file start24.cif (mmCIF, C-alpha atoms and all ligand atoms)
data_work
#
loop_
_atom_site.label_atom_id
_atom_site.label_comp_id
_atom_site.auth_asym_id
_atom_site.auth_seq_id
_atom_site.Cartn_x
_atom_site.Cartn_y
_atom_site.Cartn_z
CA MET A 25 82.47 190.99 234.51
CA GLN A 26 80.37 190.01 231.52
CA TYR A 27 82.16 188.84 228.39
CA LYS A 28 80.71 189.76 225.00
CA GLU A 29 80.55 186.88 222.54
CA ASN A 30 78.89 186.16 219.21
CA SER A 31 79.17 183.67 216.37
CA ALA A 32 82.62 184.99 215.45
CA PHE A 33 84.23 185.99 218.75
CA SER A 34 83.98 183.41 221.53
CA TYR A 35 85.90 182.13 224.52
CA GLN A 36 87.24 178.60 224.36
CA ALA A 37 88.87 177.29 227.53
CA GLY A 38 89.08 180.87 228.78
CA GLU A 39 90.83 182.28 225.68
CA LEU A 40 89.24 184.61 223.12
CA PHE A 41 89.05 183.16 219.62
CA VAL A 42 88.07 184.82 216.38
CA GLU A 43 86.45 182.03 214.41
CA ASP A 44 89.02 179.21 214.84
CA VAL A 45 92.03 181.40 215.57
CA PRO A 46 93.18 182.32 219.09
CA VAL A 47 93.38 186.10 219.23
CA LYS A 48 96.65 185.75 221.18
CA GLU A 49 98.24 184.07 218.19
CA ILE A 50 97.51 187.07 215.98
CA ALA A 51 98.96 189.39 218.63
CA ALA A 52 102.10 187.26 218.80
CA ILE A 53 102.59 187.43 215.03
CA VAL A 54 101.57 190.99 214.10
CA GLY A 55 101.78 192.78 217.45
CA THR A 56 99.33 195.31 218.88
CA PRO A 57 97.34 197.43 218.38
CA VAL A 58 95.61 195.53 215.60
CA LEU A 59 92.13 195.43 214.11
CA ILE A 60 90.80 191.92 213.59
CA TYR A 61 87.75 191.16 211.44
CA SER A 62 85.75 187.98 210.85
CA LYS A 63 84.89 187.39 207.21
CA THR A 64 82.38 184.68 208.11
CA PHE A 65 80.54 187.12 210.40
CA PHE A 66 80.32 189.71 207.60
CA LYS A 67 78.87 187.12 205.23
CA GLN A 68 76.41 185.86 207.87
CA GLN A 69 75.16 189.38 208.60
CA TYR A 70 74.67 190.08 204.89
CA SER A 71 72.71 186.90 204.47
CA ALA A 72 70.65 187.56 207.65
CA PHE A 73 69.83 191.03 206.32
CA THR A 74 68.75 189.91 202.85
CA SER A 75 66.76 186.99 204.27
CA ALA A 76 64.95 189.29 206.72
CA PHE A 77 63.74 191.48 203.84
CA ALA A 78 63.05 188.65 201.38
CA ALA A 79 59.37 189.68 201.21
CA ILE A 80 60.27 192.93 199.43
CA SER A 81 63.32 191.67 197.45
CA PRO A 82 65.39 194.80 198.01
CA ARG A 83 68.65 195.77 196.32
CA VAL A 84 71.33 196.14 199.00
CA PHE A 85 74.21 198.60 198.71
CA TYR A 86 76.81 198.09 201.42
CA ALA A 87 77.56 201.53 202.96
CA SER A 88 81.32 201.44 202.54
CA LYS A 89 81.80 204.40 204.90
CA ALA A 90 81.42 201.89 207.76
CA ASN A 91 84.56 199.98 206.78
CA PHE A 92 86.20 200.70 203.46
CA ASN A 93 89.11 198.29 203.43
CA THR A 94 88.93 196.83 199.90
CA ALA A 95 88.97 193.26 201.27
CA VAL A 96 85.89 194.08 203.34
CA ILE A 97 84.09 195.75 200.43
CA ARG A 98 85.03 192.75 198.24
CA THR A 99 83.49 190.37 200.80
CA PHE A 100 80.11 192.07 200.34
CA VAL A 101 80.49 192.43 196.56
CA GLU A 102 81.16 188.68 196.33
CA ALA A 103 78.09 188.06 198.49
CA GLY A 104 76.02 189.91 195.88
CA SER A 105 75.86 193.41 197.36
CA GLY A 106 76.12 196.72 195.58
CA VAL A 107 78.14 199.50 197.20
CA ASP A 108 77.11 202.90 198.53
CA VAL A 109 80.00 205.39 198.27
CA ASN A 110 80.25 208.85 199.73
CA SER A 111 83.25 210.38 198.00
CA ALA A 112 85.61 209.92 195.05
CA GLY A 113 87.90 208.02 197.43
CA GLU A 114 85.21 205.53 198.39
CA LEU A 115 84.25 205.17 194.72
CA TYR A 116 87.88 204.39 193.89
CA ARG A 117 88.01 201.85 196.70
CA ALA A 118 84.76 200.18 195.58
CA LEU A 119 86.04 199.88 192.01
CA GLN A 120 89.38 198.49 193.22
CA ALA A 121 87.42 195.97 195.30
CA GLY A 122 85.76 194.72 192.13
CA ALA A 123 82.33 196.39 192.38
CA LYS A 124 80.73 196.93 188.98
CA PRO A 125 79.83 200.60 188.35
CA ARG A 126 76.26 199.52 187.65
CA ASN A 127 76.08 198.37 191.28
CA ILE A 128 77.46 201.56 192.82
CA VAL A 129 75.41 204.46 194.15
CA PHE A 130 77.25 207.73 194.73
CA ALA A 131 75.90 209.61 197.76
CA GLY A 132 77.18 212.60 199.68
CA VAL A 133 75.86 215.92 200.83
CA GLY A 134 78.33 217.96 198.77
CA LYS A 135 80.11 216.40 195.80
CA THR A 136 82.70 218.49 193.98
CA ASP A 137 82.72 218.90 190.19
CA ALA A 138 85.74 216.58 190.09
CA GLU A 139 83.87 213.90 192.05
CA ILE A 140 80.76 214.16 189.87
CA THR A 141 82.92 213.97 186.74
CA TYR A 142 84.69 210.88 188.11
CA GLY A 143 81.31 209.26 188.81
CA LEU A 144 80.11 210.09 185.29
CA GLU A 145 83.30 208.72 183.71
CA GLN A 146 82.96 205.50 185.69
CA GLU A 147 79.25 205.34 184.81
CA VAL A 148 78.00 204.69 188.34
CA PHE A 149 74.44 203.43 188.58
CA LEU A 150 73.20 206.68 190.09
CA PHE A 151 73.99 209.79 192.05
CA LYS A 152 72.04 210.65 195.16
CA SER A 153 71.70 214.35 195.48
CA GLU A 154 70.41 216.55 198.25
CA SER A 155 70.42 220.11 196.96
CA ARG A 156 69.04 221.85 193.90
CA GLU A 157 72.42 223.42 193.24
CA GLU A 158 74.14 220.04 193.19
CA VAL A 159 71.45 218.63 190.88
CA ALA A 160 72.21 221.55 188.55
CA ALA A 161 75.94 220.75 188.73
CA ILE A 162 75.31 217.08 187.86
CA ASN A 163 73.11 218.20 184.96
CA ARG A 164 75.77 220.62 183.65
CA LEU A 165 78.61 218.10 183.93
CA ALA A 166 76.52 215.32 182.37
CA HIS A 167 75.67 217.70 179.50
CA ASP A 168 79.36 218.52 179.00
CA ALA A 169 80.14 214.81 178.93
CA GLY A 170 77.28 214.09 176.51
CA LYS A 171 75.62 211.80 179.04
CA THR A 172 72.38 211.41 180.96
CA ALA A 173 72.90 210.76 184.67
CA ASN A 174 70.55 208.77 186.90
CA VAL A 175 69.72 210.80 190.01
CA ALA A 176 67.74 209.98 193.15
CA LEU A 177 66.79 212.84 195.46
CA ARG A 178 67.49 212.46 199.15
CA VAL A 179 64.55 213.90 200.99
CA ASN A 180 64.36 214.80 204.64
CA PRO A 181 61.26 213.13 206.13
CA ASP A 182 61.43 215.18 209.35
CA VAL A 183 61.24 212.12 211.60
CA ASP A 184 63.05 211.69 214.90
CA PRO A 185 65.10 208.46 214.72
CA LYS A 186 65.80 208.70 218.49
CA THR A 187 69.51 208.12 218.28
CA HIS A 188 72.59 210.20 219.20
CA PRO A 189 72.21 213.75 217.80
CA TYR A 190 75.50 213.43 215.87
CA ILE A 191 74.22 210.38 213.98
CA SER A 192 70.64 211.56 213.56
CA THR A 193 70.08 212.90 210.03
CA SER A 194 66.36 213.10 209.42
CA LEU A 195 65.09 216.04 211.44
CA ALA A 196 64.01 219.09 209.45
CA ASN A 197 66.88 221.19 210.81
CA ASN A 198 69.63 218.66 209.97
CA LYS A 199 71.87 219.47 207.00
CA PHE A 200 70.78 216.30 205.22
CA GLY A 201 68.20 215.91 202.47
CA ILE A 202 65.75 218.42 201.03
CA SER A 203 62.16 219.17 201.92
CA PHE A 204 59.35 217.40 200.09
CA ASP A 205 58.29 220.70 198.45
CA GLU A 206 61.80 221.34 197.19
CA ALA A 207 61.93 217.77 195.81
CA LYS A 208 58.63 218.28 193.98
CA GLY A 209 59.95 221.53 192.52
CA ILE A 210 63.12 219.87 191.22
CA LEU A 211 61.31 216.85 189.82
CA THR A 212 58.60 218.78 187.99
CA CYS A 213 60.45 221.85 186.72
CA GLY A 214 61.72 220.21 183.53
CA GLU A 215 65.01 222.12 183.73
CA PHE A 216 67.40 219.21 183.95
CA SER A 217 67.53 217.64 180.52
CA ASN A 218 70.68 215.58 181.20
CA ILE A 219 69.21 213.90 184.25
CA ARG A 220 66.91 210.91 184.50
CA PHE A 221 65.29 211.09 187.95
CA THR A 222 64.93 207.52 189.16
CA GLY A 223 63.92 207.55 192.79
CA LEU A 224 63.66 209.00 196.26
CA ASP A 225 66.16 208.37 199.01
CA MET A 226 66.13 208.77 202.77
CA HIS A 227 68.51 207.89 205.56
CA LEU A 228 67.24 208.46 209.07
CA GLY A 229 70.47 208.17 211.01
CA SER A 230 72.53 205.42 212.53
CA GLN A 231 72.25 202.96 215.43
CA ILE A 232 68.44 203.06 215.27
CA THR A 233 66.86 200.41 217.44
CA THR A 234 63.13 200.58 216.69
CA THR A 235 60.86 200.02 213.70
CA ALA A 236 58.63 203.05 214.24
CA PRO A 237 60.82 205.80 212.68
CA TYR A 238 61.20 203.76 209.47
CA ILE A 239 57.46 203.23 209.17
CA GLU A 240 56.65 206.85 209.94
CA ALA A 241 59.11 208.04 207.29
CA VAL A 242 58.16 205.47 204.64
CA LYS A 243 54.48 206.41 204.98
CA LYS A 244 55.45 210.01 204.27
CA LEU A 245 57.56 208.98 201.26
CA ALA A 246 54.71 206.86 199.91
CA VAL A 247 52.41 209.91 199.93
CA LEU A 248 55.08 211.96 198.16
CA LEU A 249 55.50 209.23 195.55
CA PHE A 250 51.74 209.23 194.84
CA GLU A 251 51.63 213.00 194.55
CA LEU A 252 54.55 212.89 192.13
CA ARG A 253 52.82 210.25 190.02
CA GLU A 254 49.76 212.45 189.82
CA ALA A 255 52.05 215.23 188.63
CA GLY A 256 53.40 212.92 185.90
CA VAL A 257 56.72 212.00 187.57
CA HIS A 258 57.24 208.23 187.64
CA LEU A 259 60.02 207.08 189.93
CA THR A 260 61.12 203.47 190.06
CA HIS A 261 62.83 203.07 193.43
CA LEU A 262 62.71 204.08 197.07
CA ASP A 263 65.99 204.00 198.96
CA LEU A 264 65.39 203.57 202.68
CA GLY A 265 69.03 204.03 203.71
CA GLY A 266 70.74 202.17 206.52
CA GLY A 267 70.83 202.81 210.24
CA PHE A 268 69.98 199.40 211.72
CA GLY A 269 71.31 199.24 215.26
CA VAL A 270 73.62 196.60 216.70
CA SER A 271 74.54 195.48 220.21
CA TYR A 272 77.44 197.24 221.88
CA GLN A 273 76.79 195.87 225.39
CA PRO A 274 76.84 192.14 226.15
CA GLY A 275 73.34 190.75 225.84
CA GLU A 276 71.94 193.92 224.23
CA PRO A 277 69.59 192.99 221.38
CA GLU A 278 70.33 193.87 217.74
CA PHE A 279 67.74 195.62 215.56
CA ASP A 280 64.68 193.37 215.62
CA PHE A 281 63.67 192.55 212.04
CA SER A 282 60.57 190.57 213.01
CA GLU A 283 58.12 193.39 212.22
CA LEU A 284 59.71 195.87 209.83
CA PRO A 285 59.79 193.76 206.63
CA GLY A 286 56.09 192.83 206.89
CA GLN A 287 55.03 196.39 207.69
CA LEU A 288 57.13 197.75 204.83
CA ALA A 289 55.73 195.17 202.42
CA GLU A 290 52.20 196.35 203.22
CA ILE A 291 53.07 199.95 202.38
CA LEU A 292 55.51 199.37 199.55
CA LEU A 293 54.25 196.45 197.47
CA PRO A 294 51.21 198.40 196.15
CA LEU A 295 53.60 201.17 195.03
CA ASN A 296 55.40 198.87 192.62
CA VAL A 297 58.85 200.31 193.27
CA THR A 298 62.15 198.59 193.93
CA VAL A 299 63.37 199.08 197.50
CA PHE A 300 67.03 199.86 198.18
CA PHE A 301 68.88 199.62 201.51
CA GLU A 302 72.34 200.88 202.47
CA PRO A 303 73.33 199.10 205.69
CA GLY A 304 76.83 199.63 207.06
CA ARG A 305 77.06 199.19 210.83
CA PHE A 306 74.70 196.18 210.92
CA LEU A 307 76.90 194.27 208.49
CA THR A 308 80.26 195.02 210.07
CA ALA A 309 80.31 196.44 213.62
CA ASN A 310 80.29 193.22 215.61
CA GLY A 311 82.57 191.49 213.12
CA GLY A 312 85.59 193.37 214.45
CA ILE A 313 87.68 193.90 217.57
CA LEU A 314 90.49 196.29 218.29
CA LEU A 315 93.15 194.33 220.10
CA THR A 316 95.30 196.41 222.39
CA LYS A 317 97.87 195.78 225.12
CA VAL A 318 98.20 197.45 228.50
CA LEU A 319 101.42 199.45 228.56
CA TYR A 320 101.20 200.70 232.12
CA THR A 321 98.81 201.01 235.01
CA LYS A 322 98.78 203.78 237.56
CA ALA A 323 96.54 205.45 240.13
CA ASN A 324 95.91 209.20 240.36
CA GLY A 325 94.12 209.81 243.64
CA ASN A 326 91.42 207.16 243.87
CA LYS A 327 91.32 206.58 240.15
CA LYS A 328 93.00 203.63 238.47
CA PHE A 329 94.17 204.05 234.91
CA ALA A 330 95.21 201.45 232.37
CA ILE A 331 97.23 203.07 229.60
CA VAL A 332 96.92 200.97 226.45
CA ASP A 333 98.82 201.05 223.17
CA ALA A 334 95.74 201.97 221.05
CA GLY A 335 94.27 205.44 221.21
CA MET A 336 91.64 207.82 219.91
CA THR A 337 93.57 207.81 216.63
CA ASP A 338 92.47 204.18 216.20
CA LEU A 339 88.95 204.44 217.66
CA MET A 340 87.35 207.83 218.17
CA ARG A 341 83.72 206.86 218.74
CA PRO A 342 83.99 207.11 222.56
CA VAL A 343 85.13 210.73 222.41
CA LEU A 344 83.05 211.68 219.36
CA TYR A 345 79.71 210.23 220.46
CA ASN A 346 80.37 209.15 224.03
CA ALA A 347 79.88 205.69 222.53
CA TYR A 348 80.11 202.56 224.64
CA HIS A 349 82.52 199.85 223.49
CA HIS A 350 82.75 196.74 225.60
CA ILE A 351 86.30 196.00 226.72
CA GLN A 352 87.37 192.58 227.93
CA PRO A 353 90.57 190.68 228.63
CA VAL A 354 91.58 188.21 225.94
CA SER A 355 92.25 185.64 228.69
CA CYS A 356 89.30 185.26 231.08
CA GLN A 357 90.22 186.27 234.60
CA SER A 358 88.41 185.58 237.83
CA GLY A 359 88.96 187.36 241.13
CA ALA A 360 88.45 190.90 242.29
CA GLU A 361 87.33 193.63 239.89
CA PHE A 362 88.34 197.27 239.92
CA GLU A 363 87.14 200.42 238.23
CA TYR A 364 89.53 201.54 235.52
CA ASP A 365 89.70 204.35 233.04
CA ILE A 366 91.05 202.77 229.87
CA VAL A 367 93.07 205.48 228.14
CA GLY A 368 95.41 205.79 225.19
CA PRO A 369 98.84 207.40 224.85
CA VAL A 370 97.67 210.44 222.82
CA CYS A 371 98.31 213.83 224.35
CA GLU A 372 94.61 214.70 224.92
CA SER A 373 92.32 214.20 227.91
CA SER A 374 89.72 213.03 225.39
CA ASP A 375 91.89 210.03 224.54
CA PHE A 376 89.91 207.39 226.38
CA PHE A 377 87.98 204.24 225.52
CA ALA A 378 86.14 203.79 228.81
CA LYS A 379 85.67 205.57 232.13
CA SER A 380 85.22 203.83 235.48
CA ARG A 381 84.84 200.44 233.83
CA LEU A 382 84.78 197.35 236.08
CA LEU A 383 87.50 194.97 234.96
CA PRO A 384 89.62 192.25 236.54
CA GLU A 385 93.03 193.40 237.69
CA LEU A 386 95.03 194.68 234.75
CA GLY A 387 98.80 194.69 234.50
CA LYS A 388 101.55 195.33 232.01
CA ASP A 389 101.01 193.39 228.75
CA THR A 390 97.42 192.32 229.53
CA LEU A 391 95.72 191.94 226.15
CA LEU A 392 92.33 193.64 225.87
CA ALA A 393 89.71 193.31 223.15
CA VAL A 394 87.76 196.47 222.41
CA CYS A 395 84.58 195.02 220.93
CA SER A 396 82.27 196.09 218.08
CA THR A 397 84.99 197.87 216.15
CA GLY A 398 84.25 196.50 212.67
CA ALA A 399 82.34 199.70 211.78
CA TYR A 400 83.23 203.38 212.01
CA THR A 401 86.58 202.64 213.58
CA ASP A 402 89.53 202.52 211.22
CA VAL A 403 87.67 204.69 208.68
CA MET A 404 87.71 207.51 211.26
CA GLY A 405 91.33 206.88 212.23
CA SER A 406 94.08 209.47 211.98
CA ASN A 407 97.81 210.00 212.34
CA TYR A 408 97.44 212.57 215.13
CA ASN A 409 100.57 212.70 217.29
CA ALA A 410 102.22 211.08 214.22
CA ARG A 411 100.95 207.75 215.42
CA LEU A 412 101.18 204.80 213.07
CA ARG A 413 97.96 203.23 211.89
CA PRO A 414 97.44 199.64 213.02
CA PRO A 415 97.24 196.67 210.67
CA GLU A 416 93.93 195.10 209.70
CA ILE A 417 93.57 191.32 209.74
CA LEU A 418 90.80 189.32 208.10
CA VAL A 419 90.06 185.89 209.55
CA GLU A 420 88.13 183.11 207.90
CA GLY A 421 87.93 179.76 209.68
CA SER A 422 91.44 178.89 210.78
CA ASN A 423 93.12 181.22 208.27
CA PHE A 424 93.98 184.83 208.69
CA LYS A 425 95.63 187.33 206.44
CA THR A 426 96.84 190.88 206.68
CA ILE A 427 94.57 193.07 204.58
CA ARG A 428 96.49 196.21 205.50
CA ARG A 429 99.97 196.18 206.97
CA ARG A 430 101.01 198.25 209.93
CA GLU A 431 102.22 201.71 208.98
CA LYS A 432 105.95 202.37 209.21
CA LEU A 433 107.67 205.59 210.18
CA GLU A 434 108.59 206.32 206.54
CA ASP A 435 104.89 206.12 205.56
CA LEU A 436 104.34 209.25 207.62
CA LEU A 437 106.42 211.29 205.19
CA ARG A 438 105.29 209.77 201.91
CA LEU A 439 103.24 212.78 200.80
CA GLU A 440 105.67 215.44 201.95
CA VAL A 441 107.80 217.20 199.36
C1 LIG B 1 73.35 208.09 203.38
C2 LIG B 1 73.78 206.99 204.28
N1 LIG B 1 73.45 205.73 203.97
C3 LIG B 1 73.82 204.69 204.76
C4 LIG B 1 74.56 204.90 205.91
C5 LIG B 1 74.92 203.71 206.73
O1 LIG B 1 74.38 203.78 207.99
P1 LIG B 1 74.53 202.56 209.02
O2 LIG B 1 75.98 202.25 209.08
O3 LIG B 1 74.01 203.07 210.29
O4 LIG B 1 73.74 201.43 208.47
C6 LIG B 1 74.91 206.19 206.28
C7 LIG B 1 75.66 206.45 207.52
O5 LIG B 1 75.94 207.51 207.94
C8 LIG B 1 74.52 207.27 205.43
O6 LIG B 1 74.85 208.54 205.74
#

call {"tool": "encode", "arguments": {"input": "start24.cif", "output": "structure tokens"}}
result
Amino acid sequence: MQYKENSAFSYQAGELFVEDVPVKEIAAIVGTPVLIYSKTFFKQQYSAFTSAFAAISPRVFYASKANFNTAVIRTFVEAGSGVDVNSAGELYRALQAGAKPRNIVFAGVGKTDAEITYGLEQEVFLFKSESREEVAAINRLAHDAGKTANVALRVNPDVDPKTHPYISTSLANNKFGISFDEAKGILTCGEFSNIRFTGLDMHLGSQITTTAPYIEAVKKLAVLLFELREAGVHLTHLDLGGGFGVSYQPGEPEFDFSELPGQLAEILLPLNVTVFFEPGRFLTANGGILLTKVLYTKANGNKKFAIVDAGMTDLMRPVLYNAYHHIQPVSCQSGAEFEYDIVGPVCESSDFFAKSRLLPELGKDTLLAVCSTGAYTDVMGSNYNARLRPPEILVEGSNFKTIRRREKLEDLLRLEV
């Protein structure tokens, strides 16, 4: 089998290490299942991203929906990033992580009055809004609070990002964004006296692997920006969202940044606007593994199953998107390989991580690393079947610390009265 490695997760003498720490050592101390992250990897990805776009000096807002543990958000804040939040809860987390309100953008397709009020009280840098009715709500609540709110409109560029339909957000019939005509109407109607409109926003989708959809969409936004200027509306930023794809298979390339920055610079520099990005997956996905242990193996008919101690409650991307996550033993094994379904203990047929995956022979207590689980993993976790959420561990060099402890049985009842 092929083993997936990167700058943070590598095999040394046949054993998987995260930075300078043997993964086995973490399992021995905190048990399994456990999510393990590399802080150095997160910092390297942030710096690779900002360096790639140096030609357009963008402002970067880490999309905290990808991984909202406060220690992870703090890593990006300390590296100089702003934070993109999608709910009052993510705003609370970003503030607790030390993000300054002036570096927080508050997105979301439907914010409640309470969430908007919280954002106004905290004086976030801006709200991104994607419906006229929500713009009106922000205006009303800002008026009541005696404030003027910065608002960017999320438009829908009607571009196919060619990714999984569930993570594609920029086709005209998706729920996201508003049409260009609707945006023009909102920006020119003069009805929203407690709003300062600052920019346009787009987000094409996630796990995008090619430059073309970005360029197609940005060209459309540039035309809209010109038309708005002619109509007397002067916006100061364009937010191009996130979506940059990463490798899930060994050897699969990451998003190739060799062309996009130059092509964007050509279109955007003449517009004299600040460019924003909101990457999530690119910064975090390959900086994490879900470490799990084989509980039992069995065969039903011709099929071999390995039942592991992590489940869809810890990682639901395989069932939600049919997503591929590479799975590999923590100790390299040679010898014969067999096709296994890697399944969890949850009482659902959809509780699987992999189907018919070729792996060396697995047995009780074999430790497996489920790769690329630094993004959209724990944030989508649940307590279904009253399962306990795993701990999260952050490694830097030869040090590691628990950034969230394992849940205990009594935690399950803490909200019940
Ligand atoms: C508005 C918005 N911005 C940014 C992101 C981050 O996307 P990614 O993690 O693919 O970079 C998302 C993800 O869904 C999003 O909805």

call {"tool": "residues_near_point", "arguments": {"input": "start24.cif", "point": "(88.8, 181.5, 229.9)", "cutoff": "12 Å", "atoms": "all atoms listed in the file", "output": "list of chain:residue names"}}
result
A:Tyr27, A:Ser34, A:Tyr35, A:Gln36, A:Ala37, A:Gly38, A:Glu39, A:Leu40, A:Phe41, A:Pro46, A:Gln352, A:Pro353, A:Val354, A:Ser355, A:Cys356, A:Gln357, A:Ser358

call {"tool": "closest_residue", "arguments": {"input": "start24.cif", "among": "A:Phe301, A:Tyr320, A:Phe33, A:Phe377", "to": "ligand LIG 1 (chain B)", "atoms": "all atoms listed in the file"}}
result
A:Phe301

call {"tool": "axis_aligned_box", "arguments": {"input": "start24.cif", "around": "ligand LIG 1 (chain B)", "padding_each_side": "4 Å", "output": "lines of an AutoDock Vina configuration file"}}
result
center_x = 74.7
center_y = 205.0
center_z = 206.8
size_x = 10.6
size_y = 15.1
size_z = 14.9

call {"tool": "residues_near_ligand", "arguments": {"input": "start24.cif", "ligand": "ligand LIG 1 (chain B)", "cutoff": "6 Å", "atoms": "all atoms listed in the file", "output": "VMD selection string"}}
result
chain A and resid 87 90 227 230 to 231 265 to 268 302 to 306

call {"tool": "write_last_selection", "arguments": {"input": "start24.cif", "atoms": "C-alpha atoms", "output": "mmCIF file, in the frame of the given file"}}
result
data_model
loop_
_atom_site.group_PDB
_atom_site.id
_atom_site.type_symbol
_atom_site.label_atom_id
_atom_site.label_comp_id
_atom_site.auth_asym_id
_atom_site.auth_seq_id
_atom_site.Cartn_x
_atom_site.Cartn_y
_atom_site.Cartn_z
ATOM 1 C CA ALA A 87 77.560 201.530 202.960
ATOM 2 C CA ALA A 90 81.420 201.890 207.760
ATOM 3 C CA HIS A 227 68.510 207.890 205.560
ATOM 4 C CA SER A 230 72.530 205.420 212.530
ATOM 5 C CA GLN A 231 72.250 202.960 215.430
ATOM 6 C CA GLY A 265 69.030 204.030 203.710
ATOM 7 C CA GLY A 266 70.740 202.170 206.520
ATOM 8 C CA GLY A 267 70.830 202.810 210.240
ATOM 9 C CA PHE A 268 69.980 199.400 211.720
ATOM 10 C CA GLU A 302 72.340 200.880 202.470
ATOM 11 C CA PRO A 303 73.330 199.100 205.690
ATOM 12 C CA GLY A 304 76.830 199.630 207.060
ATOM 13 C CA ARG A 305 77.060 199.190 210.830
ATOM 14 C CA PHE A 306 74.700 196.180 210.920
#

call {"tool": "closest_residue", "arguments": {"input": "start24.cif", "among": "A:Ala176, A:Ile331, A:Val297, A:Ala236", "to": "Thr260 of chain A", "atoms": "only C-alpha atoms"}}
result
A:Val297

call {"tool": "atom_distance", "arguments": {"input": "start24.cif", "atom1": "atom CA of Tyr364 of chain A", "atom2": "atom CA of Arg381 of chain A"}}
result
5.1 Å

call {"tool": "closest_residue", "arguments": {"input": "start24.cif", "among": "A:Ala52, A:Ala360, A:Ile366, A:Leu315", "to": "Lys327 of chain A", "atoms": "only C-alpha atoms"}}
result
A:Ile366

call {"tool": "residues_around", "arguments": {"input": "start24.cif", "residues": "segment 413-419 of chain A", "least_positions_apart": "5", "cutoff": "8 Å", "atoms": "only C-alpha atoms", "output": "PyMOL selection string"}}
result
chain A and resi 42-43+45+54+56-64+337-338+405-407+424-431

call {"tool": "atom_distance", "arguments": {"input": "start24.cif", "atom1": "atom CA of Leu383 of chain A", "atom2": "atom CA of Asp365 of chain A"}}
result
9.8 Å

call {"tool": "residues_around", "arguments": {"input": "start24.cif", "residues": "Glu215 of chain A", "least_positions_apart": "6", "cutoff": "12 Å", "atoms": "all atoms listed in the file", "output": "list in words"}}
result
Arg156, Val159, Ala160, Asn163, Arg164, Gly209 and Phe221 of chain A

call {"tool": "residues_around", "arguments": {"input": "start24.cif", "residues": "Gly256 of chain A", "least_positions_apart": "3", "cutoff": "12 Å", "atoms": "all atoms listed in the file", "output": "ChimeraX atom specification"}}
result
/A:208,211-214,249-253,259
